[in-house]
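See below for input_7.txt, which holds compact mmCIF, C-alpha atoms.
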# COMPACT_ATOMS: atom_id res chain seq x y z
CA MET J 1 156.13 104.57 71.27
CA LYS J 2 155.06 103.08 74.64
CA LYS J 3 154.05 106.50 75.87
CA THR J 4 151.88 107.01 72.78
CA LEU J 5 150.19 103.64 73.28
CA ILE J 6 149.43 104.48 76.90
CA ILE J 7 147.97 107.85 75.90
CA VAL J 8 145.83 106.20 73.16
CA ALA J 9 144.65 103.55 75.63
CA VAL J 10 143.70 106.20 78.20
CA VAL J 11 141.88 108.24 75.55
CA ILE J 12 139.98 105.15 74.36
CA LEU J 13 139.17 104.34 77.95
CA LEU J 14 137.85 107.85 78.58
CA VAL J 15 135.98 108.13 75.28
CA VAL J 16 134.50 104.62 75.01
CA VAL J 17 134.56 102.67 78.25
CA LEU J 18 133.70 105.44 80.71
CA PRO J 19 130.53 106.55 78.86
CA ILE J 20 129.44 102.92 78.57
CA MET J 21 129.90 102.46 82.31
CA ILE J 22 128.01 105.66 83.06
CA PHE J 23 125.23 104.63 80.66
CA ALA J 24 124.98 101.16 82.22
CA GLY J 25 124.96 102.57 85.75
CA THR J 26 122.23 105.05 84.91
CA TYR J 27 120.12 102.41 83.17
CA ASN J 28 120.53 100.00 86.09
CA SER J 29 119.51 102.65 88.61
CA LEU J 30 116.39 103.43 86.54
CA VAL J 31 115.49 99.75 86.42
CA SER J 32 115.94 99.49 90.20
CA LEU J 33 113.72 102.53 90.81
CA ASP J 34 111.10 101.22 88.40
CA GLU J 35 111.05 97.87 90.18
CA GLU J 36 110.78 99.60 93.54
CA VAL J 37 107.70 101.45 92.27
CA ASN J 38 106.23 98.15 91.02
CA SER J 39 106.91 96.47 94.34
CA ASN J 40 105.37 99.29 96.35
CA TRP J 41 102.35 99.35 94.04
CA ALA J 42 101.89 95.62 94.61
CA GLN J 43 101.93 96.30 98.36
CA VAL J 44 99.20 98.94 97.98
CA GLU J 45 97.12 96.44 96.01
CA ASN J 46 97.84 93.77 98.60
CA GLN J 47 96.57 95.92 101.47
CA LEU J 48 93.50 97.05 99.52
CA LYS J 49 92.76 93.40 98.73
CA ARG J 50 93.11 92.58 102.43
CA ARG J 51 90.56 95.26 103.24
CA SER J 52 88.28 94.04 100.48
CA ASP J 53 88.51 90.51 101.84
CA LEU J 54 87.45 91.69 105.31
CA ILE J 55 84.43 93.61 104.06
CA PRO J 56 82.16 90.63 103.15
CA ASN J 57 82.54 89.29 106.71
CA LEU J 58 81.76 92.71 108.13
CA VAL J 59 78.71 93.05 105.86
CA GLU J 60 77.43 89.60 106.84
CA THR J 61 77.83 90.41 110.52
CA VAL J 62 75.90 93.66 110.09
CA LYS J 63 73.21 91.88 108.04
CA GLY J 64 72.52 89.63 110.98
CA PHE J 65 71.59 92.65 113.06
CA ALA J 66 70.20 95.10 110.50
CA ASN J 67 68.36 93.47 107.61
CA GLN J 68 66.49 96.69 106.81
CA GLU J 69 69.79 98.45 105.98
CA GLN J 70 70.15 96.63 102.66
CA GLU J 71 70.86 99.80 100.62
CA VAL J 72 73.94 100.65 102.67
CA LEU J 73 75.18 97.07 102.50
CA THR J 74 74.67 97.02 98.74
CA LYS J 75 76.69 100.24 98.33
CA VAL J 76 79.56 98.76 100.35
CA THR J 77 79.51 95.57 98.27
CA GLU J 78 79.40 97.49 94.96
CA ALA J 79 82.21 99.83 96.04
CA ARG J 80 84.31 96.84 97.10
CA SER J 81 83.89 95.22 93.68
CA LYS J 82 85.08 98.42 91.97
CA VAL J 83 88.27 98.36 94.05
CA MET J 84 88.88 94.78 92.96
CA VAL J 85 88.78 95.65 89.21
CA ALA J 86 90.66 98.98 89.26
CA ASN J 87 93.81 98.94 87.13
CA SER J 88 95.60 102.28 87.40
CA PRO J 89 96.55 104.28 90.48
CA GLN J 90 93.90 106.87 89.59
CA GLU J 91 91.15 104.25 89.11
CA LEU J 92 92.15 102.60 92.36
CA ALA J 93 92.23 105.94 94.20
CA ASN J 94 88.71 106.76 92.96
CA ALA J 95 87.38 103.29 93.81
CA ASN J 96 89.06 103.49 97.22
CA ALA J 97 87.41 106.87 97.89
CA ASN J 98 84.00 105.40 97.00
CA LEU J 99 84.61 102.44 99.29
CA SER J 100 85.64 104.75 102.13
CA THR J 101 82.42 106.71 101.67
CA ALA J 102 80.37 103.51 101.65
CA LEU J 103 82.12 102.32 104.82
CA GLN J 104 81.23 105.63 106.48
CA GLY J 105 77.59 104.83 105.68
CA LEU J 106 78.08 101.43 107.25
CA ASN J 107 79.44 103.08 110.39
CA VAL J 108 76.24 105.13 110.62
CA VAL J 109 74.26 101.88 110.52
CA VAL J 110 76.45 100.43 113.25
CA GLU J 111 75.68 103.42 115.47
CA ARG J 112 71.96 102.58 115.21
CA TYR J 113 72.49 99.08 116.59
CA PRO J 114 74.24 99.14 119.98
CA GLU J 115 74.04 95.35 120.30
CA LEU J 116 76.09 95.07 117.09
CA LYS J 117 78.85 97.24 118.53
CA SER J 118 79.25 94.76 121.39
CA ASP J 119 79.35 91.64 119.17
CA LYS J 120 82.76 89.91 119.43
CA ASN J 121 82.97 89.09 115.72
CA PHE J 122 82.09 92.62 114.75
CA ILE J 123 84.63 94.14 117.14
CA GLN J 124 87.36 91.84 115.83
CA LEU J 125 86.50 92.66 112.20
CA GLN J 126 86.49 96.38 112.93
CA ASP J 127 89.88 96.13 114.63
CA GLU J 128 91.30 94.23 111.65
CA LEU J 129 89.81 96.78 109.28
CA ALA J 130 91.31 99.67 111.28
CA GLY J 131 94.71 97.98 111.22
CA THR J 132 94.40 97.44 107.50
CA GLU J 133 93.51 101.10 106.97
CA ASN J 134 96.78 102.00 108.68
CA ARG J 135 98.69 99.54 106.49
CA ILE J 136 97.07 101.05 103.40
CA ALA J 137 98.20 104.53 104.46
CA VAL J 138 101.78 103.33 104.91
CA ALA J 139 101.76 101.41 101.61
CA ARG J 140 100.42 104.47 99.76
CA MET J 141 103.10 106.65 101.32
CA ASP J 142 105.85 104.17 100.36
CA TYR J 143 104.48 103.91 96.83
CA ASN J 144 104.29 107.68 96.39
CA GLU J 145 107.84 108.11 97.72
CA SER J 146 109.16 105.56 95.24
CA VAL J 147 107.23 107.24 92.41
CA GLN J 148 108.77 110.55 93.43
CA GLY J 149 112.27 109.02 93.33
CA LEU J 150 111.72 107.54 89.88
CA ASN J 151 110.04 110.64 88.48
CA ASN J 152 112.81 112.90 89.82
CA LYS J 153 115.50 110.74 88.26
CA ILE J 154 113.68 110.53 84.91
CA ARG J 155 113.37 114.31 84.66
CA LYS J 156 117.09 114.99 85.17
CA PHE J 157 119.66 115.25 82.41
CA PRO J 158 121.17 112.98 81.04
CA THR J 159 119.02 110.31 82.69
CA ASN J 160 115.98 111.60 80.81
CA ILE J 161 117.62 110.60 77.52
CA ILE J 162 118.33 107.07 78.72
CA ALA J 163 114.84 106.76 80.22
CA SER J 164 113.21 107.78 76.94
CA MET J 165 115.41 105.35 75.00
CA PHE J 166 114.06 102.45 77.10
CA ASN J 167 110.50 103.77 77.51
CA ILE J 168 110.82 104.20 81.25
CA GLU J 169 108.14 106.79 81.91
CA LYS J 170 106.91 108.90 84.80
CA ARG J 171 104.46 107.10 87.05
CA GLU J 172 101.19 108.27 88.57
CA TYR J 173 100.95 109.09 92.25
CA PHE J 174 98.23 107.45 94.33
CA GLU J 175 96.41 110.66 95.18
CA VAL J 176 93.59 111.21 97.59
CA SER J 177 90.41 112.56 96.05
CA GLU J 178 89.26 116.06 96.96
CA GLU J 179 86.34 114.51 98.82
CA ASP J 180 88.69 112.48 101.02
CA GLN J 181 90.82 115.56 101.73
CA GLU J 182 87.94 117.23 103.54
CA ASN J 183 87.68 116.72 107.28
CA PRO J 184 84.70 114.57 108.24
CA GLU J 185 81.96 116.30 110.15
CA VAL J 186 81.27 114.76 113.52
CA LYS J 187 77.77 115.18 114.97
CA PHE J 188 76.34 113.81 118.18
CA ASP J 189 72.55 113.57 118.27

Target encoding structure tokens, full file:
Amino acid sequence: MKKTLIIVAVVILLVVVLPIMIFAGTYNSLVSLDEEVNSNWAQVENQLKRRSDLIPNLVETVKGFANQEQEVLTKVTEARSKVMVANSPQELANANANLSTALQGLNVVVERYPELKSDKNFIQLQDELAGTENRIAVARMDYNESVQGLNNKIRKFPTNIIASMFNIEKREYFEVSEEDQENPEVKFD
């Protein structure tokens, strides 16, 4: 009789408790991966916000030297505002590409004004902006790696069943636009 009870207990343990533990472990790992993606996305947004916060100071510094370059300054300001209102990784990637293009136009303006390139405030702002660009690259890489981890896990069996039960879905990568993938052309006049 005792032997039968032990066998029944082991069978119940294997049939009921073990699947519940596996289910809970899988769900918890999905939640952790999802939160990691959210955290890394917040870091991307944080760094893009930092860059956006630096841009008005940079624009004002350039304005002091180059009032006739209003069109370029307007493009930078408009592109910055689009970054601030982007919601999805794709929208943010597109807005970021537009801002990068606008900043390239600003760099052309800077080249026309040698006295601007020697201004202490401008140099400091450019250094901060360059550092922020590096932080953005790292944050994007971290975000994309966490998205890859989540997406890989979601696609595998039996995790895909648990993920669909709790509406944990694949996430978008923060991808560089085709325009940004091209190497910039450097010309010396």

Using all atoms listed in the file, find each residue of stretch 134-173 of chain J with at least one atom at most 12 Å away from an atom of stretch 93-110 of chain J; report its shortest atom-to-atom pair and that distance in Å (one decimal), sort the rows by chain and rising residue number, and return the result as a tab-separated table.
residue	atom	partner	partner_atom	distance
J:Ile136	CA	J:Asn96	CA	10.4
J:Ala137	CA	J:Asn96	CA	11.7
J:Arg140	CA	J:Ala93	CA	10.0
J:Glu172	CA	J:Ala93	CA	10.8
J:Tyr173	CA	J:Ala93	CA	9.5

>> Taking 6 positions as the minimum chain separation for residues in the same chain, which residues sit within 12 Å of J:Glu133 when counting all atoms listed in the file? Answer as a list in words.
In response: Val44, Asn46, Gln47, Leu48, Lys49, Arg50, Arg51, Ser52, Leu54, Asn96, Leu99, Ser100, Leu103, Gln126, Asp127, Ala139 and Arg140 of chain J

> For J:Lys156, which residue out of J:Lys170, J:Val85, J:Tyr113, J:Phe65 is the nearest one, using only C-alpha atoms?
Replying inline: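 Of J:Lys170, J:Val85, J:Tyr113, J:Phe65, the one nearest J:Lys156 is J:Lys170, counting only C-alpha atoms.
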
>> Between atom CA of J:Asn121 and atom CA of J:Val59, what is the distance in Å, rounded to a tenth?
In response: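 That distance, rounded to one decimal, is 11.4 Å.
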
>> Show me the residues close to (78.0, 88.9, 106.4) - anything with an atom within 12 Å, counting only C-alpha atoms - and format the list as a list in words.
In response: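 The requested residues, written out, are Asp53, Leu54, Ile55, Pro56, Asn57, Leu58, Val59, Glu60, Thr61, Val62, Lys63, Gly64, Phe65, Ala66, Asn67, Gln70, Leu73, Thr74, Val76, Thr77, Asn121, Phe122 and Leu125 of chain J.
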
> Given the choices J:Phe174, J:Tyr143, J:Phe166, J:Phe157, which gets closest to J:Asn38 if the distance is worked out from all atoms listed in the file?
Replying inline: J:Tyr143

Would you mind writing stretch 132-148 of chain J with N, CA and C atoms, as a compact mmCIF listing (two decimals), keeping the file's coordinate frame?
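Writing the result to part12.txt gives the following:
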# COMPACT_ATOMS: atom_id res chain seq x y z
N THR J 132 94.18 97.47 108.94
CA THR J 132 94.40 97.44 107.50
C THR J 132 94.40 98.85 106.92
N GLU J 133 93.53 99.70 107.43
CA GLU J 133 93.51 101.10 106.97
C GLU J 133 94.86 101.75 107.23
N ASN J 134 95.46 101.46 108.38
CA ASN J 134 96.78 102.00 108.68
C ASN J 134 97.84 101.44 107.73
N ARG J 135 97.75 100.15 107.43
CA ARG J 135 98.69 99.54 106.49
C ARG J 135 98.54 100.15 105.10
N ILE J 136 97.31 100.43 104.71
CA ILE J 136 97.07 101.05 103.40
C ILE J 136 97.74 102.43 103.35
N ALA J 137 97.58 103.19 104.42
CA ALA J 137 98.20 104.53 104.46
C ALA J 137 99.71 104.44 104.31
N VAL J 138 100.33 103.49 105.00
CA VAL J 138 101.78 103.33 104.91
C VAL J 138 102.18 102.87 103.51
N ALA J 139 101.44 101.91 102.96
CA ALA J 139 101.76 101.41 101.61
C ALA J 139 101.62 102.52 100.57
N ARG J 140 100.59 103.34 100.70
CA ARG J 140 100.42 104.47 99.76
C ARG J 140 101.57 105.44 99.88
N MET J 141 101.99 105.73 101.11
CA MET J 141 103.10 106.65 101.32
C MET J 141 104.38 106.08 100.70
N ASP J 142 104.66 104.80 100.94
CA ASP J 142 105.85 104.17 100.36
C ASP J 142 105.80 104.19 98.84
N TYR J 143 104.64 103.89 98.28
CA TYR J 143 104.48 103.91 96.83
C TYR J 143 104.74 105.31 96.28
N ASN J 144 104.12 106.31 96.88
CA ASN J 144 104.29 107.68 96.39
C ASN J 144 105.74 108.16 96.52
N GLU J 145 106.42 107.74 97.57
CA GLU J 145 107.84 108.11 97.72
C GLU J 145 108.68 107.46 96.63
N SER J 146 108.39 106.21 96.30
CA SER J 146 109.16 105.56 95.24
C SER J 146 108.84 106.16 93.87
N VAL J 147 107.60 106.55 93.65
CA VAL J 147 107.23 107.24 92.41
C VAL J 147 107.98 108.56 92.32
N GLN J 148 108.05 109.28 93.42
CA GLN J 148 108.77 110.55 93.43
C GLN J 148 110.24 110.33 93.07
